[in-house]
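Q: Let me give you the structure first, and then I'll get to my questions.
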Amino acid sequence: MSKEFKVTPWEVTGDIDYDKVVKDFGVQIIDKKLLERIKKHTGELHPTLRRNLFFAHRDLNWILDEYEKGNKFFLYTGRGPSGNTHLGHLFPWFLTKWLQDKFDVKLFFQMTDDEKFLTNSKLDIETTKHFAYENALDVIALGFNPKKTKIYSDYDNAKTFYYHATRVAKKITFSTAKATFGFGNDTNVGQIFYTSMQAVPAFLESVEQGKNIPCLIPHAIDQDPHFRVARDVMPKLGYYKPASVQGMFMPGLVEGGKMSASKPDSAIFTTDDLKTAKKKVMSAFTGGQASIEEQRKKGGNSEICSVFSYFKFIFEENDAKLEKRQKACKEGKILCGECKKDLSERVVKFLEKHQEKREKAKDVLDKFLVKD
Ligand code: TRP
């Protein structure tokens with residue numbers, strides 16, 4: 001696989017060297033000491049933290065300092081609704097839900113339908129708005145606390161968001177935007193403005209409460225440039241810098257790269273029927289050998305195996321069992337067919353339940369959605 005990779009808010013490609021990303025972006029590694037500190041409050045650690053799948057942060061120690069002083073934070077995350085939700089999108093939301101439950105805090109969830117209209121030449125406004133509602137059903141289906149969770153579509157909250165976004169935009173020069181995002185003369189001006197919209201939920205709670213409230217943003221690492229800019233600007237407007245935790249990308253089911261909506265076989269969508277989902281798992285890329293004999297002799301390669309990574313990211317919460325599976329694979333004691341079958345059963349079970357909850361979410365959607 002090529003050593004070249006790219007991680008920007010609009011494009012994630014190649015085999016990502018996360019150590020290099022940490023250096024380039026200037027985020028901090030989540031080390032053992034910080035994990036212990038989180039554990040003091042949560043009693044246990046979410047698998048994605050234990051496994052370093054959420055591996056970096058900004059100002060998480062400060063968030064905990066404030067929390068320990070009785071100054072609760074709120075959570076903020078979001079989704080660019082360009083299509084149906086797949087498991088890679090759910091991945092950071094699982095941690096977000098866990099954080100909400102453990103710390104008993106509010107969540108602001110932003111659906112950036114405007115962003116997707118501006119950055120995707122194939123999408124019209126009505127389609128991105130439609131997917132904002134569709135994706136919101138998946139958020140609700142995960143069981144976020146209805147009393148503490150608000151979902152915002154940018155278009156549906158244009159009045160509030162535009163008001164505050166202009167405050168942010170006034171503090172961002174074109175030269176900063178260019179340096180941060182690599183914009184050029186062919187970039188549309190909507191996209192250049194957009195980062196100001198993504199900053200708004202990071203201080204909206206402080207606006208509404210009339211006092212500064214710390215914000216913690218769980219997100220995939222590609223979104224960090226937006227929040228780097230937001231962190232620069234927010235103190236200039238009198239707010240705290242938002243803190244963040246950064247996650248990796250869940251690999252796709254086909255060889256190389258993350259899950260991608262533009263390659264439907266690389267991802268399992270929450271709306272896939274069970275047969276389709278099963279078929280995708282059964283034809284997934286693995287780290288297996290060419291023949292059974294070879295597999296028994298040499299063992300498989302779990303490091304490059306998409307099926308193993310699905311267990312690791314979502315479908316095997318038990319560390320001992322995950323390790324056992326990896327060992328059996330390396331020793332040639334388990335074949336790819338068995339792993340795929342195990343995974344497909346778990347995926348199907350998950351989807352079945354999720355789709356039920358997703359249907360029920362339609363009845364409560366209006367309770368979660370904010371419109372101004
Ligand atoms: N820009 C993000 C995307 O394309 C959506 C988003 C908005 C977001 N606000 C966020 C993601 C906060 C994580 C955290 O997916």
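Chain labels follow the order of the structure tokens: the first chain is A, the next B, and so on; residue numbering restarts at 1 in every chain, and ligands are counted from 1 in their shown order.
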Within stretch 39-203 of chain A, find each residue whose DSSP state, derived from the backbone, is strand (DSSP E or B), and express the selection as a ChimeraX atom specification.
A: /A:54-58,74-79,86,107-111,149-153
Q: With N, CA and C atoms retained, could you export that selection as a short mmCIF file (atom, residue, chain, number, x, y, z; two decimals), in the first residue's frame?
A:
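Final file, part_11.cif:
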```cif
data_model
loop_
_atom_site.label_atom_id
_atom_site.label_comp_id
_atom_site.auth_asym_id
_atom_site.auth_seq_id
_atom_site.Cartn_x
_atom_site.Cartn_y
_atom_site.Cartn_z
N PHE A 54 -9.59 5.97 20.35
CA PHE A 54 -9.58 7.41 20.60
C PHE A 54 -8.24 7.67 21.26
N PHE A 55 -7.35 8.29 20.53
CA PHE A 55 -5.94 8.24 20.90
C PHE A 55 -5.34 9.61 21.21
N ALA A 56 -6.04 10.67 20.88
CA ALA A 56 -5.45 12.00 21.06
C ALA A 56 -6.48 12.98 21.62
N HIS A 57 -6.00 14.11 22.06
CA HIS A 57 -6.92 15.08 22.68
C HIS A 57 -6.32 16.48 22.66
N ARG A 58 -7.16 17.42 22.97
CA ARG A 58 -6.71 18.78 23.31
C ARG A 58 -7.43 19.17 24.61
N PHE A 74 -20.17 20.38 28.53
CA PHE A 74 -21.17 19.76 27.65
C PHE A 74 -20.43 19.15 26.47
N LEU A 75 -21.07 18.18 25.82
CA LEU A 75 -20.48 17.51 24.67
C LEU A 75 -21.01 18.12 23.39
N TYR A 76 -20.16 18.12 22.39
CA TYR A 76 -20.58 18.59 21.07
C TYR A 76 -19.98 17.67 20.02
N THR A 77 -20.81 17.13 19.15
CA THR A 77 -20.29 16.41 18.00
C THR A 77 -21.22 16.62 16.82
N GLY A 78 -20.94 16.00 15.70
CA GLY A 78 -21.77 16.27 14.53
C GLY A 78 -21.58 15.30 13.40
N ARG A 79 -22.29 15.60 12.33
CA ARG A 79 -22.26 14.71 11.16
C ARG A 79 -22.57 15.54 9.93
N HIS A 86 -23.32 5.01 8.13
CA HIS A 86 -22.73 3.67 8.20
C HIS A 86 -22.02 3.46 9.53
N LEU A 107 -25.59 17.06 25.35
CA LEU A 107 -24.95 16.90 24.04
C LEU A 107 -25.62 17.80 23.01
N PHE A 108 -24.80 18.55 22.30
CA PHE A 108 -25.26 19.30 21.13
C PHE A 108 -24.76 18.57 19.89
N PHE A 109 -25.68 18.17 19.04
CA PHE A 109 -25.30 17.42 17.84
C PHE A 109 -25.62 18.25 16.60
N GLN A 110 -24.59 18.55 15.81
CA GLN A 110 -24.78 19.41 14.64
C GLN A 110 -24.86 18.59 13.35
N MET A 111 -25.93 18.78 12.59
CA MET A 111 -26.06 18.20 11.26
C MET A 111 -25.70 19.28 10.24
N THR A 149 -30.18 16.05 25.11
CA THR A 149 -29.59 16.02 23.76
C THR A 149 -30.39 16.87 22.80
N LYS A 150 -29.69 17.74 22.10
CA LYS A 150 -30.35 18.55 21.08
C LYS A 150 -29.65 18.34 19.75
N ILE A 151 -30.43 18.18 18.69
CA ILE A 151 -29.85 18.01 17.36
C ILE A 151 -30.20 19.24 16.52
N TYR A 152 -29.20 19.81 15.90
CA TYR A 152 -29.38 21.03 15.10
C TYR A 152 -29.05 20.76 13.64
N SER A 153 -29.98 21.03 12.74
CA SER A 153 -29.59 21.12 11.33
C SER A 153 -29.19 22.58 11.11
#
```
Q: Once you count only C-alpha atoms and all ligand atoms, what closest atom pair and distance in Å to one decimal does each residue of chain A within 10 Å of ligand 1 have, with rows by chain and rising residue number, as a tab-separated table?
A:
```
residue	atom	partner	partner_atom_place_in_ligand_line	distance
A:Pro9	CA	ligand 1	4 (O)	6.6
A:Trp10	CA	ligand 1	4 (O)	7.2
A:Glu11	CA	ligand 1	4 (O)	9.8
A:Leu75	CA	ligand 1	14 (C)	9.4
A:Tyr76	CA	ligand 1	12 (C)	6.0
A:Thr77	CA	ligand 1	14 (C)	3.6
A:Gly78	CA	ligand 1	8 (C)	3.5
A:Arg79	CA	ligand 1	5 (C)	3.7
A:Gly80	CA	ligand 1	4 (O)	3.8
A:Pro81	CA	ligand 1	15 (O)	7.3
A:Ser82	CA	ligand 1	4 (O)	8.3
A:His89	CA	ligand 1	15 (O)	8.3
A:Pro92	CA	ligand 1	13 (C)	8.5
A:Trp93	CA	ligand 1	13 (C)	9.4
A:Phe108	CA	ligand 1	12 (C)	9.0
A:Phe109	CA	ligand 1	9 (N)	7.3
A:Gln110	CA	ligand 1	9 (N)	5.2
A:Met111	CA	ligand 1	7 (C)	6.3
A:Thr112	CA	ligand 1	5 (C)	5.6
A:Asp113	CA	ligand 1	5 (C)	8.8
A:Asp114	CA	ligand 1	1 (N)	10.0
A:Glu115	CA	ligand 1	1 (N)	7.0
A:Lys116	CA	ligand 1	4 (O)	7.1
A:Thr119	CA	ligand 1	4 (O)	9.4
A:Tyr152	CA	ligand 1	9 (N)	9.9
A:Ser153	CA	ligand 1	7 (C)	9.9
A:Asp154	CA	ligand 1	7 (C)	9.5
A:Tyr194	CA	ligand 1	1 (N)	9.2
A:Thr195	CA	ligand 1	1 (N)	8.5
A:Met197	CA	ligand 1	7 (C)	8.4
A:Gln198	CA	ligand 1	9 (N)	5.1
A:Ala199	CA	ligand 1	9 (N)	7.7
A:Val200	CA	ligand 1	9 (N)	8.9
A:Pro201	CA	ligand 1	9 (N)	7.7
A:Ala202	CA	ligand 1	12 (C)	8.5
A:Leu216	CA	ligand 1	14 (C)	9.6
A:Ile217	CA	ligand 1	14 (C)	5.9
A:Pro218	CA	ligand 1	14 (C)	6.1
A:His219	CA	ligand 1	13 (C)	4.3
A:Ala220	CA	ligand 1	13 (C)	6.6
A:Ile221	CA	ligand 1	13 (C)	8.8
A:Asp222	CA	ligand 1	2 (C)	8.8
A:Gln223	CA	ligand 1	13 (C)	6.2
A:Asp224	CA	ligand 1	14 (C)	8.7
A:His226	CA	ligand 1	1 (N)	8.1
A:Phe227	CA	ligand 1	12 (C)	8.4
A:Ser244	CA	ligand 1	14 (C)	8.9
A:Val245	CA	ligand 1	14 (C)	9.7
A:Gln246	CA	ligand 1	13 (C)	9.4
```
Q: Could the residues in this selection be saved with N, CA and C atoms as a compact mmCIF listing (two decimals), in the first residue's frame?
A:
```txt
# COMPACT_ATOMS: atom_id res chain seq x y z
N PRO A 9 -10.50 17.76 6.46
CA PRO A 9 -11.93 17.61 6.71
C PRO A 9 -12.72 17.18 5.47
N TRP A 10 -12.14 17.35 4.29
CA TRP A 10 -12.91 17.03 3.07
C TRP A 10 -12.41 15.77 2.38
N GLU A 11 -11.25 15.30 2.80
CA GLU A 11 -10.68 14.16 2.11
C GLU A 11 -9.80 13.34 3.04
N LEU A 75 -21.07 18.18 25.82
CA LEU A 75 -20.48 17.51 24.67
C LEU A 75 -21.01 18.12 23.39
N TYR A 76 -20.16 18.12 22.39
CA TYR A 76 -20.58 18.59 21.07
C TYR A 76 -19.98 17.67 20.02
N THR A 77 -20.81 17.13 19.15
CA THR A 77 -20.29 16.41 18.00
C THR A 77 -21.22 16.62 16.82
N GLY A 78 -20.94 16.00 15.70
CA GLY A 78 -21.77 16.27 14.53
C GLY A 78 -21.58 15.30 13.40
N ARG A 79 -22.29 15.60 12.33
CA ARG A 79 -22.26 14.71 11.16
C ARG A 79 -22.57 15.54 9.93
N GLY A 80 -21.81 15.29 8.88
CA GLY A 80 -22.11 15.89 7.58
C GLY A 80 -23.04 14.98 6.82
N PRO A 81 -24.32 15.34 6.73
CA PRO A 81 -25.33 14.40 6.22
C PRO A 81 -25.34 14.29 4.69
N SER A 82 -24.35 13.57 4.17
CA SER A 82 -24.25 13.44 2.71
C SER A 82 -24.89 12.16 2.20
N HIS A 89 -19.54 5.89 10.92
CA HIS A 89 -20.08 7.13 11.49
C HIS A 89 -20.52 6.91 12.94
N PRO A 92 -17.66 7.04 16.54
CA PRO A 92 -17.42 8.07 17.57
C PRO A 92 -18.67 8.38 18.41
N TRP A 93 -19.84 8.04 17.89
CA TRP A 93 -21.07 8.34 18.64
C TRP A 93 -21.23 7.40 19.82
N PHE A 108 -24.80 18.55 22.30
CA PHE A 108 -25.26 19.30 21.13
C PHE A 108 -24.76 18.57 19.89
N PHE A 109 -25.68 18.17 19.04
CA PHE A 109 -25.30 17.42 17.84
C PHE A 109 -25.62 18.25 16.60
N GLN A 110 -24.59 18.55 15.81
CA GLN A 110 -24.78 19.41 14.64
C GLN A 110 -24.86 18.59 13.35
N MET A 111 -25.93 18.78 12.59
CA MET A 111 -26.06 18.20 11.26
C MET A 111 -25.70 19.28 10.24
N THR A 112 -24.54 19.11 9.60
CA THR A 112 -24.06 20.19 8.74
C THR A 112 -24.54 20.01 7.29
N ASP A 113 -25.85 20.13 7.13
CA ASP A 113 -26.45 19.99 5.80
C ASP A 113 -25.93 21.08 4.85
N ASP A 114 -25.67 22.26 5.40
CA ASP A 114 -25.11 23.35 4.57
C ASP A 114 -23.72 22.99 4.06
N GLU A 115 -22.90 22.41 4.97
CA GLU A 115 -21.54 22.04 4.58
C GLU A 115 -21.56 21.05 3.42
N LYS A 116 -22.44 20.05 3.53
CA LYS A 116 -22.45 19.01 2.51
C LYS A 116 -22.97 19.56 1.17
N THR A 119 -19.90 21.51 -0.26
CA THR A 119 -18.66 20.81 -0.60
C THR A 119 -18.87 19.62 -1.53
N TYR A 152 -29.20 19.81 15.90
CA TYR A 152 -29.38 21.03 15.10
C TYR A 152 -29.05 20.76 13.64
N SER A 153 -29.98 21.03 12.74
CA SER A 153 -29.59 21.12 11.33
C SER A 153 -29.19 22.58 11.11
N ASP A 154 -28.11 22.81 10.38
CA ASP A 154 -27.66 24.19 10.17
C ASP A 154 -28.73 25.01 9.44
N TYR A 194 -17.57 28.29 5.80
CA TYR A 194 -18.23 27.23 6.57
C TYR A 194 -17.64 26.94 7.95
N THR A 195 -16.32 26.99 8.10
CA THR A 195 -15.70 26.62 9.39
C THR A 195 -16.30 27.44 10.55
N MET A 197 -19.43 28.14 10.87
CA MET A 197 -20.67 27.46 11.28
C MET A 197 -20.35 26.31 12.24
N GLN A 198 -19.27 25.61 11.94
CA GLN A 198 -18.92 24.46 12.78
C GLN A 198 -18.41 24.89 14.16
N ALA A 199 -18.01 26.14 14.29
CA ALA A 199 -17.55 26.64 15.59
C ALA A 199 -18.73 26.95 16.53
N VAL A 200 -19.88 27.27 15.95
CA VAL A 200 -20.99 27.81 16.75
C VAL A 200 -21.43 26.90 17.91
N PRO A 201 -21.67 25.59 17.67
CA PRO A 201 -22.14 24.77 18.81
C PRO A 201 -21.13 24.70 19.95
N ALA A 202 -19.88 25.02 19.69
CA ALA A 202 -18.87 24.95 20.75
C ALA A 202 -19.05 26.04 21.80
N LEU A 216 -16.55 19.81 25.33
CA LEU A 216 -15.70 18.70 24.91
C LEU A 216 -16.25 18.10 23.62
N ILE A 217 -15.39 18.02 22.62
CA ILE A 217 -15.81 17.56 21.30
C ILE A 217 -15.17 16.22 20.95
N PRO A 218 -15.94 15.13 20.97
CA PRO A 218 -15.39 13.87 20.44
C PRO A 218 -15.56 13.90 18.92
N HIS A 219 -14.50 13.59 18.20
CA HIS A 219 -14.60 13.61 16.74
C HIS A 219 -13.49 12.80 16.09
N ALA A 220 -13.69 12.43 14.83
CA ALA A 220 -12.63 11.77 14.07
C ALA A 220 -11.57 12.83 13.75
N ILE A 221 -10.32 12.40 13.74
CA ILE A 221 -9.18 13.32 13.68
C ILE A 221 -9.22 14.30 12.50
N ASP A 222 -9.90 13.93 11.42
CA ASP A 222 -9.92 14.82 10.23
C ASP A 222 -10.59 16.17 10.51
N GLN A 223 -11.42 16.23 11.58
CA GLN A 223 -12.14 17.48 11.85
C GLN A 223 -11.32 18.47 12.68
N ASP A 224 -10.16 18.03 13.12
CA ASP A 224 -9.36 18.90 14.01
C ASP A 224 -9.05 20.28 13.43
N HIS A 226 -10.84 22.34 11.82
CA HIS A 226 -11.95 23.25 12.16
C HIS A 226 -11.82 23.75 13.59
N PHE A 227 -11.50 22.80 14.48
CA PHE A 227 -11.51 23.18 15.89
C PHE A 227 -10.23 23.91 16.30
N SER A 244 -11.11 18.63 23.09
CA SER A 244 -11.54 17.60 22.13
C SER A 244 -10.85 16.26 22.39
N VAL A 245 -11.49 15.19 21.93
CA VAL A 245 -10.82 13.88 21.85
C VAL A 245 -10.94 13.38 20.42
N GLN A 246 -9.81 12.88 19.90
CA GLN A 246 -9.75 12.49 18.49
C GLN A 246 -9.69 10.98 18.30
```
Q: For stretch 68-73 of chain A, list every protein, DNA or RNA residue within 9 Å, evaluated using only C-alpha atoms, and leave out those in the same chain fewer than 3 positions away; present the list as a list in words.
A: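 So the residues in contact are Ile63, Leu64, Asp65, Phe103, Asp104, Val105, Lys106, Ile213, Pro214, Cys215 and Leu216 of chain A.
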Q: Which residue, A:Arg296, A:Arg346, A:Lys340, A:Lys258, has the smallest gap to A:Thr13 when you use only C-alpha atoms?
A: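 When distances to A:Thr13 are compared using only C-alpha atoms, the smallest one comes from A:Lys258.
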Q: Using Å and a single decimal, report how far atom CA of A:Lys236 sits from atom CA of A:Ser175.
A: 17.8 Å
Q: Residues at most 10 Å from stretch 44-48 of chain A, counting only C-alpha atoms, excluding those fewer than 5 positions away in the same chain, as number ranges by chain?
A: A: 35-36, 38-39, 53-55, 91-92, 94-95, 98-99, 102, 247-248, 312-314, 316-319
Q: Using only C-alpha atoms, can you tell me which of A:Ser309, A:Thr42, A:Thr270, A:Ser262 comes closest to A:Lys349?
A: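 Counting only C-alpha atoms, the residue closest to A:Lys349 is A:Thr270.
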